[in-house]
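Reproduced below: entry_37.txt, with compact mmCIF, C-alpha atoms.
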```txt
# COMPACT_ATOMS: atom_id res chain seq x y z
CA MET A 1 198.13 -59.00 161.21
CA ALA A 2 196.34 -55.99 162.39
CA ALA A 3 195.80 -53.38 159.70
CA VAL A 4 197.72 -50.17 160.33
CA LYS A 5 195.27 -47.38 160.44
CA PRO A 6 196.60 -44.06 159.11
CA LYS A 7 196.47 -41.29 161.61
CA ARG A 8 193.58 -39.08 160.75
CA HIS A 9 194.00 -35.34 160.90
CA GLY A 10 191.27 -33.14 162.12
CA PRO A 11 189.86 -30.34 159.98
CA SER A 12 192.19 -27.76 161.47
CA MET A 13 195.70 -27.71 160.19
CA ASP A 14 198.89 -26.00 161.22
CA MET A 15 198.85 -22.50 159.84
CA THR A 16 202.37 -21.52 160.87
CA ALA A 17 203.99 -22.37 157.54
CA MET A 18 201.29 -20.60 155.56
CA CYS A 19 201.64 -17.58 157.77
CA ASP A 20 205.37 -17.53 157.09
CA VAL A 21 204.75 -17.61 153.34
CA ALA A 22 202.18 -14.84 153.53
CA PHE A 23 204.49 -12.47 155.35
CA LEU A 24 207.42 -13.39 153.16
CA LEU A 25 205.38 -12.43 150.09
CA LEU A 26 204.22 -9.28 151.82
CA THR A 27 207.79 -8.25 152.55
CA PHE A 28 208.77 -8.94 148.95
CA PHE A 29 205.96 -6.82 147.51
CA ILE A 30 206.69 -3.93 149.81
CA MET A 31 210.37 -3.96 148.87
CA ALA A 32 209.92 -4.42 145.14
CA SER A 33 207.23 -1.89 144.39
CA SER A 34 206.51 1.76 144.77
CA PHE A 35 203.26 3.53 145.49
CA LYS A 36 201.07 4.64 142.63
CA SER A 37 200.21 8.29 142.34
CA GLU A 38 196.85 9.47 141.18
CA GLU A 39 197.03 9.23 137.40
CA THR A 40 195.40 12.00 135.46
CA VAL A 41 195.64 10.48 132.04
CA THR A 42 196.06 6.98 130.69
CA ILE A 43 198.96 6.64 128.31
CA GLU A 44 199.82 3.48 126.47
CA THR A 45 203.48 3.86 125.59
CA PRO A 46 205.01 2.11 122.58
CA SER A 47 207.41 -0.76 123.18
CA SER A 48 211.12 -0.96 122.54
CA ILE A 49 214.00 -3.34 123.13
CA SER A 50 215.72 -0.89 125.45
CA GLU A 51 216.60 -2.40 128.79
CA GLU A 52 217.52 0.80 130.56
CA LEU A 53 215.16 1.58 133.41
CA ILE A 54 213.89 5.00 134.32
CA PRO A 55 215.86 6.52 137.21
CA GLU A 56 214.07 6.72 140.56
CA THR A 57 214.63 10.38 141.05
CA ASP A 58 215.52 13.62 139.28
CA VAL A 59 213.21 12.95 136.36
CA CYS A 60 210.40 15.14 135.17
CA MET A 61 207.98 13.59 132.81
CA VAL A 62 206.20 15.23 129.94
CA SER A 63 203.23 13.15 128.84
CA ILE A 64 201.42 13.58 125.57
CA ASP A 65 198.01 12.00 125.14
CA THR A 66 196.38 10.92 121.90
CA ASP A 67 194.84 14.37 121.43
CA GLY A 68 198.27 15.97 121.54
CA LYS A 69 197.71 17.58 124.94
CA TYR A 70 200.73 17.99 127.18
CA TYR A 71 200.94 17.01 130.85
CA PHE A 72 203.73 17.60 133.32
CA GLY A 73 204.65 15.20 136.09
CA ILE A 74 207.46 14.38 138.48
CA THR A 75 208.31 10.72 138.98
CA ASP A 76 209.67 11.06 142.50
CA ALA A 77 206.80 12.06 144.79
CA THR A 78 209.18 13.44 147.43
CA GLN A 79 210.40 16.12 145.02
CA ARG A 80 206.94 17.42 144.20
CA ASP A 81 206.55 19.75 147.17
CA ASP A 82 209.87 21.50 146.52
CA PHE A 83 208.93 21.90 142.91
CA ALA A 84 205.48 23.28 143.77
CA LYS A 85 207.12 25.83 146.04
CA ALA A 86 209.65 26.87 143.40
CA LEU A 87 206.93 27.18 140.76
CA SER A 88 204.64 29.09 143.06
CA ASP A 89 207.39 31.54 144.06
CA LYS A 90 208.66 32.07 140.55
CA TYR A 91 205.32 32.71 138.91
CA ASN A 92 203.40 34.12 141.92
CA LEU A 93 200.78 31.40 141.95
CA GLY A 94 200.17 31.89 145.67
CA LEU A 95 199.89 28.23 146.57
CA THR A 96 199.34 27.58 150.26
CA ASN A 97 201.08 24.77 152.12
CA ALA A 98 197.95 22.64 151.97
CA GLU A 99 197.75 23.13 148.23
CA MET A 100 201.37 22.06 147.81
CA VAL A 101 200.62 18.92 149.78
CA ALA A 102 197.67 18.25 147.48
CA PHE A 103 200.00 18.72 144.52
CA THR A 104 202.28 15.93 145.74
CA SER A 105 199.54 13.36 145.24
CA LEU A 106 199.29 14.09 141.51
CA ALA A 107 201.26 12.03 139.02
CA GLU A 108 200.55 14.54 136.26
CA VAL A 109 199.18 18.01 135.94
CA GLY A 110 197.29 18.92 132.82
CA VAL A 111 196.22 22.47 133.52
CA PRO A 112 197.98 25.76 132.85
CA MET A 113 199.66 27.46 135.81
CA LYS A 114 196.89 30.00 136.22
CA GLN A 115 194.40 27.23 136.93
CA LEU A 116 196.72 25.16 139.10
CA LYS A 117 195.53 26.68 142.38
CA ASN A 118 191.90 25.87 141.65
CA TYR A 119 192.74 22.45 140.30
CA VAL A 120 194.65 21.20 143.35
CA ASN A 121 191.84 22.39 145.60
CA LEU A 122 189.37 20.04 143.96
CA SER A 123 188.67 16.67 145.50
CA GLU A 124 189.78 13.53 143.77
CA ALA A 125 186.28 12.83 142.50
CA GLN A 126 185.91 16.34 141.14
CA ARG A 127 189.27 16.23 139.38
CA VAL A 128 188.19 13.28 137.29
CA LYS A 129 185.31 15.32 135.90
CA VAL A 130 187.37 18.35 134.96
CA GLU A 131 187.99 18.72 131.26
CA LEU A 132 191.77 19.12 131.13
CA GLU A 133 193.09 21.45 128.52
CA GLY A 134 196.73 20.45 128.83
CA ILE A 135 199.70 22.72 129.41
CA PRO A 136 200.10 25.10 126.49
CA LEU A 137 203.11 24.66 124.25
CA ASP A 138 203.24 26.55 120.99
CA SER A 139 205.15 29.43 119.49
CA THR A 140 203.01 32.04 121.30
CA ASP A 141 202.82 30.38 124.70
CA SER A 142 205.50 27.87 125.63
CA GLU A 143 204.43 27.43 129.23
CA LEU A 144 205.49 23.78 129.40
CA VAL A 145 209.09 24.90 128.85
CA ASP A 146 208.75 27.10 131.97
CA TRP A 147 207.58 24.11 134.02
CA VAL A 148 210.48 21.98 132.86
CA LYS A 149 213.00 24.79 133.34
CA THR A 150 211.73 25.45 136.86
CA TYR A 151 212.17 21.77 137.63
CA GLY A 152 215.67 21.84 136.14
CA GLU A 153 216.56 24.83 138.29
CA THR A 154 215.18 23.24 141.44
CA PHE A 155 216.94 19.92 140.91
CA ALA A 156 220.22 20.28 139.07
CA GLY A 157 221.14 17.51 136.68
CA SER A 158 217.57 16.37 136.22
CA LYS A 159 216.43 14.62 133.09
CA ILE A 160 213.43 15.11 130.86
CA ALA A 161 211.42 12.01 130.12
CA VAL A 162 208.95 12.07 127.25
CA ARG A 163 205.99 9.75 127.58
CA GLY A 164 203.92 9.74 124.45
CA ASP A 165 200.98 7.50 123.70
CA GLY A 166 201.61 5.16 120.79
CA ASN A 167 198.71 6.68 118.88
CA THR A 168 199.73 10.28 119.39
CA PRO A 169 200.22 11.92 116.01
CA TYR A 170 203.87 12.71 115.39
CA PRO A 171 203.42 16.50 114.88
CA ALA A 172 202.57 16.81 118.60
CA LEU A 173 205.96 15.33 119.43
CA LYS A 174 207.71 17.33 116.74
CA ASN A 175 206.29 20.51 118.23
CA LEU A 176 207.60 19.44 121.63
CA PHE A 177 211.12 18.74 120.37
CA ASP A 178 211.10 22.01 118.39
CA GLU A 179 209.93 24.17 121.28
CA PHE A 180 212.27 22.50 123.77
CA GLY A 181 215.10 22.79 121.25
CA ARG A 182 214.51 26.54 121.11
CA ALA A 183 214.96 26.64 124.88
CA ASP A 184 218.21 24.66 124.51
CA LEU A 185 216.78 21.47 125.96
CA ASN A 186 218.06 18.82 123.61
CA LYS A 187 218.34 15.63 125.62
CA PHE A 188 215.33 13.47 126.23
CA GLN A 189 214.57 10.06 127.63
CA LEU A 190 211.77 8.40 125.74
CA ILE A 191 209.59 6.22 127.92
CA THR A 192 208.69 2.86 126.46
CA LYS A 193 207.64 -0.48 127.77
CA ILE A 194 209.41 -3.78 127.37
CA GLU A 195 208.93 -5.44 124.02
CA LYS A 196 206.82 -8.57 124.18
CA GLN A 197 208.67 -11.35 122.51
CA MET B 1 186.63 -16.84 194.83
CA ALA B 2 186.84 -20.41 193.80
CA GLU B 3 190.11 -21.46 192.37
CA VAL B 4 190.09 -22.98 188.99
CA VAL B 5 191.86 -26.21 189.20
CA VAL B 6 193.75 -27.05 186.11
CA LYS B 7 193.97 -30.69 185.55
CA GLY B 8 197.15 -32.28 184.43
CA GLY B 9 199.70 -30.33 186.35
CA PRO B 10 201.58 -27.26 185.05
CA LYS B 11 199.97 -25.39 182.15
CA LYS B 12 201.52 -26.12 178.76
CA ALA B 13 202.00 -23.29 176.30
CA GLY B 14 199.45 -24.25 173.67
CA LYS B 15 199.99 -23.59 169.97
CA PRO B 16 198.34 -20.34 169.03
CA ASP B 17 195.87 -20.45 166.18
CA MET B 18 197.63 -18.88 163.21
CA THR B 19 194.58 -18.60 160.97
CA PRO B 20 193.74 -14.94 161.67
CA MET B 21 197.38 -14.00 161.19
CA VAL B 22 197.44 -15.69 157.78
CA ASP B 23 194.25 -13.83 156.89
CA LEU B 24 195.86 -10.57 157.86
CA GLY B 25 199.00 -11.40 155.89
CA PHE B 26 197.13 -12.04 152.68
CA LEU B 27 194.91 -9.05 153.20
CA LEU B 28 197.98 -6.83 153.38
CA ILE B 29 199.46 -8.46 150.28
CA THR B 30 196.28 -7.76 148.37
CA PHE B 31 196.32 -4.17 149.54
CA PHE B 32 199.92 -3.64 148.47
CA ILE B 33 199.39 -5.22 145.08
CA TYR B 34 196.48 -2.89 144.39
CA THR B 35 198.13 0.32 145.53
CA THR B 36 201.62 -0.01 144.12
CA THR B 37 203.22 -0.05 140.73
CA PHE B 38 205.46 -2.96 140.17
CA SER B 39 207.27 -2.57 136.89
CA LYS B 40 209.25 0.48 136.06
CA PRO B 41 209.07 1.67 132.46
CA ASN B 42 212.08 1.57 130.19
CA ILE B 43 213.76 4.60 128.75
CA MET B 44 215.50 5.23 125.49
CA GLY B 45 217.96 8.10 125.16
CA PHE B 46 217.19 10.60 122.44
CA ALA B 47 218.98 13.80 121.58
CA THR B 48 217.75 16.42 119.16
CA PRO B 49 220.08 18.71 117.24
CA LYS B 50 220.43 22.33 118.15
CA LYS B 51 217.55 24.32 116.85
CA ASP B 52 217.72 26.79 114.04
CA ASP B 53 214.62 28.28 112.57
CA LYS B 54 215.49 28.09 108.90
CA PRO B 55 213.30 25.96 106.67
CA PRO B 56 214.68 22.44 106.08
CA GLU B 57 215.94 23.33 102.59
CA GLU B 58 218.30 26.01 103.87
CA GLN B 59 219.67 24.24 106.91
CA GLU B 60 223.29 23.25 106.91
CA GLN B 61 223.65 19.81 105.47
CA VAL B 62 226.42 17.47 106.39
CA ASP B 63 227.71 16.04 103.17
CA VAL B 64 227.15 12.31 103.29
CA LYS B 65 227.39 10.15 100.21
CA VAL B 66 224.01 8.84 99.13
CA SER B 67 225.28 5.27 99.11
CA ASN B 68 226.08 5.59 102.82
CA THR B 69 222.58 6.63 103.75
CA ILE B 70 219.06 5.41 103.76
CA THR B 71 216.12 7.74 104.15
CA ILE B 72 213.00 6.41 105.80
CA LEU B 73 209.65 8.16 105.47
CA LEU B 74 207.10 7.28 108.12
CA GLY B 75 203.69 7.47 106.52
CA GLU B 76 200.04 7.20 107.44
CA ASP B 77 198.37 4.01 108.70
CA ASP B 78 201.68 2.36 109.71
CA ARG B 79 203.02 2.55 106.19
CA VAL B 80 206.72 3.11 105.79
CA PHE B 81 208.79 4.03 102.74
CA TRP B 82 212.51 4.11 102.14
CA TYR B 83 214.69 5.44 99.35
CA GLN B 84 218.34 5.76 98.52
CA VAL B 85 218.61 8.42 95.86
CA PRO B 86 219.87 12.01 96.05
CA LEU B 87 217.33 14.11 97.88
CA LYS B 88 216.77 16.61 95.07
CA GLU B 89 215.86 13.87 92.60
CA VAL B 90 213.45 11.86 94.72
CA THR B 91 210.14 10.97 93.03
CA ALA B 92 207.24 8.70 93.90
CA GLU B 93 208.86 5.84 91.94
CA ASP B 94 211.93 5.92 94.17
CA LEU B 95 209.92 5.25 97.32
CA ASN B 96 209.90 1.59 98.29
CA GLU B 97 207.01 0.68 100.51
CA THR B 98 207.65 -1.81 103.30
CA ASP B 99 206.38 -2.52 106.81
CA TYR B 100 207.68 -2.42 110.37
CA SER B 101 208.35 -6.15 110.63
CA ALA B 102 211.76 -7.79 110.83
CA ASP B 103 211.50 -8.78 107.18
CA GLY B 104 210.46 -5.31 106.13
CA ILE B 105 212.31 -2.21 107.13
CA ARG B 106 214.97 -4.00 109.17
CA LYS B 107 215.99 -6.11 106.19
CA ALA B 108 216.12 -3.01 104.01
CA ILE B 109 218.33 -1.19 106.51
CA LEU B 110 220.66 -4.15 106.94
CA THR B 111 220.97 -4.75 103.17
CA LYS B 112 221.77 -1.12 102.53
CA LYS B 113 224.12 -0.98 105.50
CA ALA B 114 226.02 -3.99 104.19
CA GLY B 115 226.30 -2.23 100.82
CA ALA B 116 227.59 1.04 102.26
CA ILE B 117 230.92 2.15 100.80
CA THR B 118 232.23 3.54 104.08
CA PRO B 119 230.37 1.70 106.85
CA GLU B 120 231.68 4.05 109.56
CA ASN B 121 229.76 6.88 107.89
CA TRP B 122 226.54 4.88 107.66
CA THR B 123 223.68 7.24 108.45
CA VAL B 124 219.97 6.69 108.68
CA ILE B 125 217.74 9.66 108.04
CA ILE B 126 214.32 9.36 109.58
CA LYS B 127 211.58 11.62 108.30
CA PRO B 128 208.22 11.24 110.00
CA THR B 129 205.39 12.76 108.00
CA ASP B 130 202.55 14.58 109.71
CA ASP B 131 200.46 11.40 109.39
CA ALA B 132 202.86 9.23 111.38
CA THR B 133 202.21 8.30 114.99
CA TRP B 134 204.57 8.29 117.93
CA LYS B 135 204.62 4.51 117.86
CA ASN B 136 206.01 4.59 114.33
CA ALA B 137 208.81 6.91 115.40
CA VAL B 138 209.70 4.78 118.43
CA ASP B 139 209.60 1.61 116.32
CA ILE B 140 212.07 3.10 113.86
CA LEU B 141 214.34 4.40 116.62
CA ASP B 142 214.21 0.90 118.03
CA GLU B 143 215.27 -0.51 114.67
CA MET B 144 218.26 1.80 114.84
CA ALA B 145 219.31 0.09 118.07
CA ILE B 146 218.67 -3.35 116.59
CA THR B 147 220.59 -2.70 113.36
CA GLU B 148 223.30 -0.80 115.28
CA SER B 149 222.93 2.27 113.14
CA ASP B 150 224.33 4.79 115.59
CA LYS B 151 224.31 7.73 113.24
CA LYS B 152 220.73 8.72 112.80
CA ALA B 153 218.86 11.93 112.28
CA VAL B 154 215.21 12.70 112.73
CA VAL B 155 214.40 15.58 110.41
CA ASP B 156 211.48 17.18 108.63
CA LEU B 157 210.45 16.37 105.10
CA GLN B 158 211.52 18.66 102.34
CA LYS B 159 209.13 19.79 99.65
CA VAL B 160 210.30 17.29 97.03
CA GLU B 161 209.85 14.45 99.49
CA LYS B 162 206.41 15.63 100.45
CA GLU B 163 205.43 15.71 96.79
CA ALA B 164 206.81 12.22 96.27
CA TYR B 165 205.11 10.92 99.40
CA TYR B 166 201.68 12.35 98.60
CA THR B 167 201.90 11.14 95.01
CA LYS B 168 202.83 7.69 96.32
CA ILE B 169 199.88 7.42 98.68
CA GLY B 170 197.60 9.06 96.09
CA LYS B 171 196.44 11.98 98.16
CA PRO B 172 196.55 15.68 97.41
CA MET B 173 199.29 17.52 99.23
CA PRO B 174 197.82 19.56 102.09
CA GLU B 175 198.25 23.32 101.89
CA GLU B 176 200.86 24.73 104.23
```

Will you turn the file into structure tokens for me?
Amino acid sequence: MAAVKPKRHGPSMDMTAMCDVAFLLLTFFIMASSFKSEETVTIETPSSISEELIPETDVCMVSIDTDGKYYFGITDATQRDDFAKALSDKYNLGLTNAEMVAFTSLAEVGVPMKQLKNYVNLSEAQRVKVELEGIPLDSTDSELVDWVKTYGETFAGSKIAVRGDGNTPYPALKNLFDEFGRADLNKFQLITKIEKQ
Amino acid sequence: MAEVVVKGGPKKAGKPDMTPMVDLGFLLITFFIYTTTFSKPNIMGFATPKKDDKPPEEQEQVDVKVSNTITILLGEDDRVFWYQVPLKEVTAEDLNETDYSADGIRKAILTKKAGAITPENWTVIIKPTDDATWKNAVDILDEMAITESDKKAVVDLQKVEKEAYYTKIGKPMPEE
């Protein structure tokens, strides 16, 4: 009996199936993710068992780094230009349209209002080098409260998220809750990450 | 111009080579993975009481029976202490040191909660010292969710507690 020889395939194979998979994955990643904004500060949040996710929109985020410096950010990038305009009008910062557009690329701002105009004009590479002093928040100068209030006025019903680094000393947070409490802001959303089991 | 004669009759639509398209597909995937954030962080609701500027000793106290409460002091270096005695009488001996594990503070809370006279009034008082970190505070708030202690208060330490705490950790009390 003649031996049946298996049909030999050449080195090129049919790529159609692989192509399908690649584009399927691509579609999935585009749908399931959102674009990163330029992060000013790295914050390692503590973990919790909470399963509630942060809302997509109407959230302003106050970040506190390990040195106890405060940063202000808006989660939804499409709200940033309206906020920049409101802030600029209210406190006469004189931001131009181009500067407001530059503001929308920032996840957090860590400079006082007076320096905001200069800060947004810097290039991305220059911004990394700037020594950020944080937004002031103490009994003499509670500027961060003004930022949050301006955001609250621009977008009614917005929430305040607090994103503290796990190693931030507690007094920095206490000061935040105290100062915000004085301005009648009593509800916060604490940002955490999912507990590793 | 010479005509090109195609052998074999009418031209068949050949299979296009998909390789470059696959390359492009994966290139785009790589790009999207690098430039996007995938997971959204979690949030935990937290409300602070209305602010009044009086020192902690003079603030209005809701009268809760001691046996219905547990007070947790968050200390330095991830140390945590709890006590269940009237606030005015607290001393270093009353502070029980434990840790943030399930067998530590959670067990203490659950034991005391089970022993509460009126469980519906069960209240946990959280007092982070100036040495505590944010992680400690979130861990304890998380324990509140785990042990289902809905009534909780995050407040400042009073002088007697500070004295007890600094005696317990063996450090001089910092000047105000």

Show me, as a PDB file with C-alpha atoms, in the coordinates of the input, every residue of chain A with an atom at most 8 Å from chain B, counting only C-alpha atoms.
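Below you can see out.pdb, which holds the result:
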```
ATOM      1  CA  ASP A  14     198.890 -26.000 161.220  1.00  0.00           C
ATOM      2  CA  MET A  15     198.850 -22.500 159.840  1.00  0.00           C
ATOM      3  CA  THR A  16     202.370 -21.520 160.870  1.00  0.00           C
ATOM      4  CA  MET A  18     201.290 -20.600 155.560  1.00  0.00           C
ATOM      5  CA  CYS A  19     201.640 -17.580 157.770  1.00  0.00           C
ATOM      6  CA  ALA A  22     202.180 -14.840 153.530  1.00  0.00           C
ATOM      7  CA  PHE A  23     204.490 -12.470 155.350  1.00  0.00           C
ATOM      8  CA  LEU A  25     205.380 -12.430 150.090  1.00  0.00           C
ATOM      9  CA  LEU A  26     204.220  -9.280 151.820  1.00  0.00           C
ATOM     10  CA  PHE A  29     205.960  -6.820 147.510  1.00  0.00           C
ATOM     11  CA  ILE A  30     206.690  -3.930 149.810  1.00  0.00           C
ATOM     12  CA  ALA A  32     209.920  -4.420 145.140  1.00  0.00           C
ATOM     13  CA  SER A  33     207.230  -1.890 144.390  1.00  0.00           C
ATOM     14  CA  SER A  34     206.510   1.760 144.770  1.00  0.00           C
ATOM     15  CA  PHE A  35     203.260   3.530 145.490  1.00  0.00           C
ATOM     16  CA  LYS A  36     201.070   4.640 142.630  1.00  0.00           C
ATOM     17  CA  THR A  45     203.480   3.860 125.590  1.00  0.00           C
ATOM     18  CA  PRO A  46     205.010   2.110 122.580  1.00  0.00           C
ATOM     19  CA  SER A  47     207.410  -0.760 123.180  1.00  0.00           C
ATOM     20  CA  SER A  48     211.120  -0.960 122.540  1.00  0.00           C
ATOM     21  CA  ILE A  49     214.000  -3.340 123.130  1.00  0.00           C
ATOM     22  CA  SER A  50     215.720  -0.890 125.450  1.00  0.00           C
ATOM     23  CA  GLU A  51     216.600  -2.400 128.790  1.00  0.00           C
ATOM     24  CA  GLU A  52     217.520   0.800 130.560  1.00  0.00           C
ATOM     25  CA  LEU A  53     215.160   1.580 133.410  1.00  0.00           C
ATOM     26  CA  ILE A  54     213.890   5.000 134.320  1.00  0.00           C
ATOM     27  CA  ALA A 161     211.420  12.010 130.120  1.00  0.00           C
ATOM     28  CA  GLY A 164     203.920   9.740 124.450  1.00  0.00           C
ATOM     29  CA  ASP A 165     200.980   7.500 123.700  1.00  0.00           C
ATOM     30  CA  GLY A 166     201.610   5.160 120.790  1.00  0.00           C
ATOM     31  CA  ASN A 167     198.710   6.680 118.880  1.00  0.00           C
ATOM     32  CA  THR A 168     199.730  10.280 119.390  1.00  0.00           C
ATOM     33  CA  PRO A 169     200.220  11.920 116.010  1.00  0.00           C
ATOM     34  CA  TYR A 170     203.870  12.710 115.390  1.00  0.00           C
ATOM     35  CA  PRO A 171     203.420  16.500 114.880  1.00  0.00           C
ATOM     36  CA  LEU A 173     205.960  15.330 119.430  1.00  0.00           C
ATOM     37  CA  PHE A 177     211.120  18.740 120.370  1.00  0.00           C
ATOM     38  CA  ASP A 178     211.100  22.010 118.390  1.00  0.00           C
ATOM     39  CA  GLY A 181     215.100  22.790 121.250  1.00  0.00           C
ATOM     40  CA  ARG A 182     214.510  26.540 121.110  1.00  0.00           C
ATOM     41  CA  ASP A 184     218.210  24.660 124.510  1.00  0.00           C
ATOM     42  CA  ASN A 186     218.060  18.820 123.610  1.00  0.00           C
ATOM     43  CA  LYS A 187     218.340  15.630 125.620  1.00  0.00           C
ATOM     44  CA  PHE A 188     215.330  13.470 126.230  1.00  0.00           C
ATOM     45  CA  GLN A 189     214.570  10.060 127.630  1.00  0.00           C
ATOM     46  CA  LEU A 190     211.770   8.400 125.740  1.00  0.00           C
ATOM     47  CA  ILE A 191     209.590   6.220 127.920  1.00  0.00           C
ATOM     48  CA  THR A 192     208.690   2.860 126.460  1.00  0.00           C
ATOM     49  CA  LYS A 193     207.640  -0.480 127.770  1.00  0.00           C
ATOM     50  CA  ILE A 194     209.410  -3.780 127.370  1.00  0.00           C
TER      51      ILE A 194
END
```

Note to self: Set the distance at 7 Å and use only C-alpha atoms: which residues neighbour Tyr151 of chain A once local chain neighbours fewer than 4 positions away are removed? I'd like the list as JSON, numbers by chain.
What the structure shows: {"A": [83, 147, 155]}

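One finds atom CA of Lys129 of chain A at 26.6 Å from atom CA of Val145 of chain A.
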
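Between atom CA of Glu56 of chain A and atom CA of Leu95 of chain A there is a distance of 26.5 Å.
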
Counting only C-alpha atoms, the residue among A:Thr66, A:Thr140, A:Ser123, A:Thr154 that lies closest to Leu106 of chain A is A:Ser123

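What separates atom CA of Ile169 of chain B from atom CA of Asn175 of chain A is a distance of 24.4 Å.
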
(Q) List the spatial neighbours of Leu95 of chain B as a PyMOL selection string - criterion: any atom at most 10 Å away, only C-alpha atoms, same-chain residues fewer than 6 positions off excluded. (A) chain B and resi 71-73+80-85+161+164-165+168

Would you pick out the contacts of Asp76 of chain A at 9 Å or less, using all atoms listed in the file, so that residues sharing its chain but fewer than 5 positions from it are not included, and give the list as an MDAnalysis selection string? chainID A and resid 56:60

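Minimum atom-to-atom distance to Lys113 of chain B, evaluated using all atoms listed in the file, belongs to B:Ser67 out of B:Ser67, B:Gly75, B:Gly170, B:Val160.
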
Checklist entry - Excluding same-chain residues fewer than 3 positions from Pro112 of chain A, what lies within 8 Å of it counting all atoms listed in the file, as a PyMOL selection string? => result chain A and resi 115-116+133-136+143

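For the set A:Thr42, A:Asn121, A:Thr150, A:Thr78, the residue with the smallest atom-to-atom gap to Glu99 of chain A is A:Asn121, counting all atoms listed in the file.
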
Place N, CA and C atoms on segment 63-80 of chain B and deliver the coordinates as a PDB file, in the coordinates of the input.
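Result went into out-v9.pdb, see below:
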```pdb
ATOM      1  N   ASP B  63     227.613  16.723 104.452  1.00  0.00           N
ATOM      2  CA  ASP B  63     227.710  16.040 103.170  1.00  0.00           C
ATOM      3  C   ASP B  63     228.000  14.557 103.397  1.00  0.00           C
ATOM      4  N   VAL B  64     226.990  13.752 103.163  1.00  0.00           N
ATOM      5  CA  VAL B  64     227.150  12.310 103.290  1.00  0.00           C
ATOM      6  C   VAL B  64     226.831  11.716 101.929  1.00  0.00           C
ATOM      7  N   LYS B  65     227.642  10.790 101.516  1.00  0.00           N
ATOM      8  CA  LYS B  65     227.390  10.150 100.210  1.00  0.00           C
ATOM      9  C   LYS B  65     226.078   9.376 100.271  1.00  0.00           C
ATOM     10  N   VAL B  66     225.326   9.473  99.176  1.00  0.00           N
ATOM     11  CA  VAL B  66     224.010   8.840  99.130  1.00  0.00           C
ATOM     12  C   VAL B  66     224.100   7.344  99.423  1.00  0.00           C
ATOM     13  N   SER B  67     225.165   6.721  98.929  1.00  0.00           N
ATOM     14  CA  SER B  67     225.280   5.270  99.110  1.00  0.00           C
ATOM     15  C   SER B  67     225.539   4.886 100.562  1.00  0.00           C
ATOM     16  N   ASN B  68     225.887   5.870 101.396  1.00  0.00           N
ATOM     17  CA  ASN B  68     226.080   5.590 102.820  1.00  0.00           C
ATOM     18  C   ASN B  68     224.842   5.887 103.644  1.00  0.00           C
ATOM     19  N   THR B  69     223.771   6.238 102.990  1.00  0.00           N
ATOM     20  CA  THR B  69     222.580   6.630 103.750  1.00  0.00           C
ATOM     21  C   THR B  69     221.362   5.841 103.306  1.00  0.00           C
ATOM     22  N   ILE B  70     220.392   5.849 104.169  1.00  0.00           N
ATOM     23  CA  ILE B  70     219.060   5.410 103.760  1.00  0.00           C
ATOM     24  C   ILE B  70     218.101   6.409 104.382  1.00  0.00           C
ATOM     25  N   THR B  71     217.105   6.797 103.625  1.00  0.00           N
ATOM     26  CA  THR B  71     216.120   7.740 104.150  1.00  0.00           C
ATOM     27  C   THR B  71     214.806   6.995 104.321  1.00  0.00           C
ATOM     28  N   ILE B  72     214.233   7.133 105.499  1.00  0.00           N
ATOM     29  CA  ILE B  72     213.000   6.410 105.800  1.00  0.00           C
ATOM     30  C   ILE B  72     211.888   7.421 106.034  1.00  0.00           C
ATOM     31  N   LEU B  73     210.809   7.293 105.276  1.00  0.00           N
ATOM     32  CA  LEU B  73     209.650   8.160 105.470  1.00  0.00           C
ATOM     33  C   LEU B  73     208.593   7.382 106.231  1.00  0.00           C
ATOM     34  N   LEU B  74     208.152   7.931 107.351  1.00  0.00           N
ATOM     35  CA  LEU B  74     207.100   7.280 108.120  1.00  0.00           C
ATOM     36  C   LEU B  74     205.760   7.843 107.677  1.00  0.00           C
ATOM     37  N   GLY B  75     204.935   6.990 107.118  1.00  0.00           N
ATOM     38  CA  GLY B  75     203.690   7.470 106.520  1.00  0.00           C
ATOM     39  C   GLY B  75     202.466   7.217 107.370  1.00  0.00           C
ATOM     40  N   GLU B  76     201.312   7.400 106.739  1.00  0.00           N
ATOM     41  CA  GLU B  76     200.040   7.200 107.440  1.00  0.00           C
ATOM     42  C   GLU B  76     199.769   5.705 107.613  1.00  0.00           C
ATOM     43  N   ASP B  77     198.858   5.383 108.495  1.00  0.00           N
ATOM     44  CA  ASP B  77     198.370   4.010 108.700  1.00  0.00           C
ATOM     45  C   ASP B  77     199.496   2.976 108.777  1.00  0.00           C
ATOM     46  N   ASP B  78     200.551   3.279 109.525  1.00  0.00           N
ATOM     47  CA  ASP B  78     201.680   2.360 109.710  1.00  0.00           C
ATOM     48  C   ASP B  78     202.357   1.964 108.408  1.00  0.00           C
ATOM     49  N   ARG B  79     202.277   2.836 107.429  1.00  0.00           N
ATOM     50  CA  ARG B  79     203.020   2.550 106.190  1.00  0.00           C
ATOM     51  C   ARG B  79     204.386   3.200 106.309  1.00  0.00           C
ATOM     52  N   VAL B  80     205.373   2.563 105.697  1.00  0.00           N
ATOM     53  CA  VAL B  80     206.720   3.110 105.790  1.00  0.00           C
ATOM     54  C   VAL B  80     207.411   2.960 104.434  1.00  0.00           C
TER      55      VAL B  80
END
```
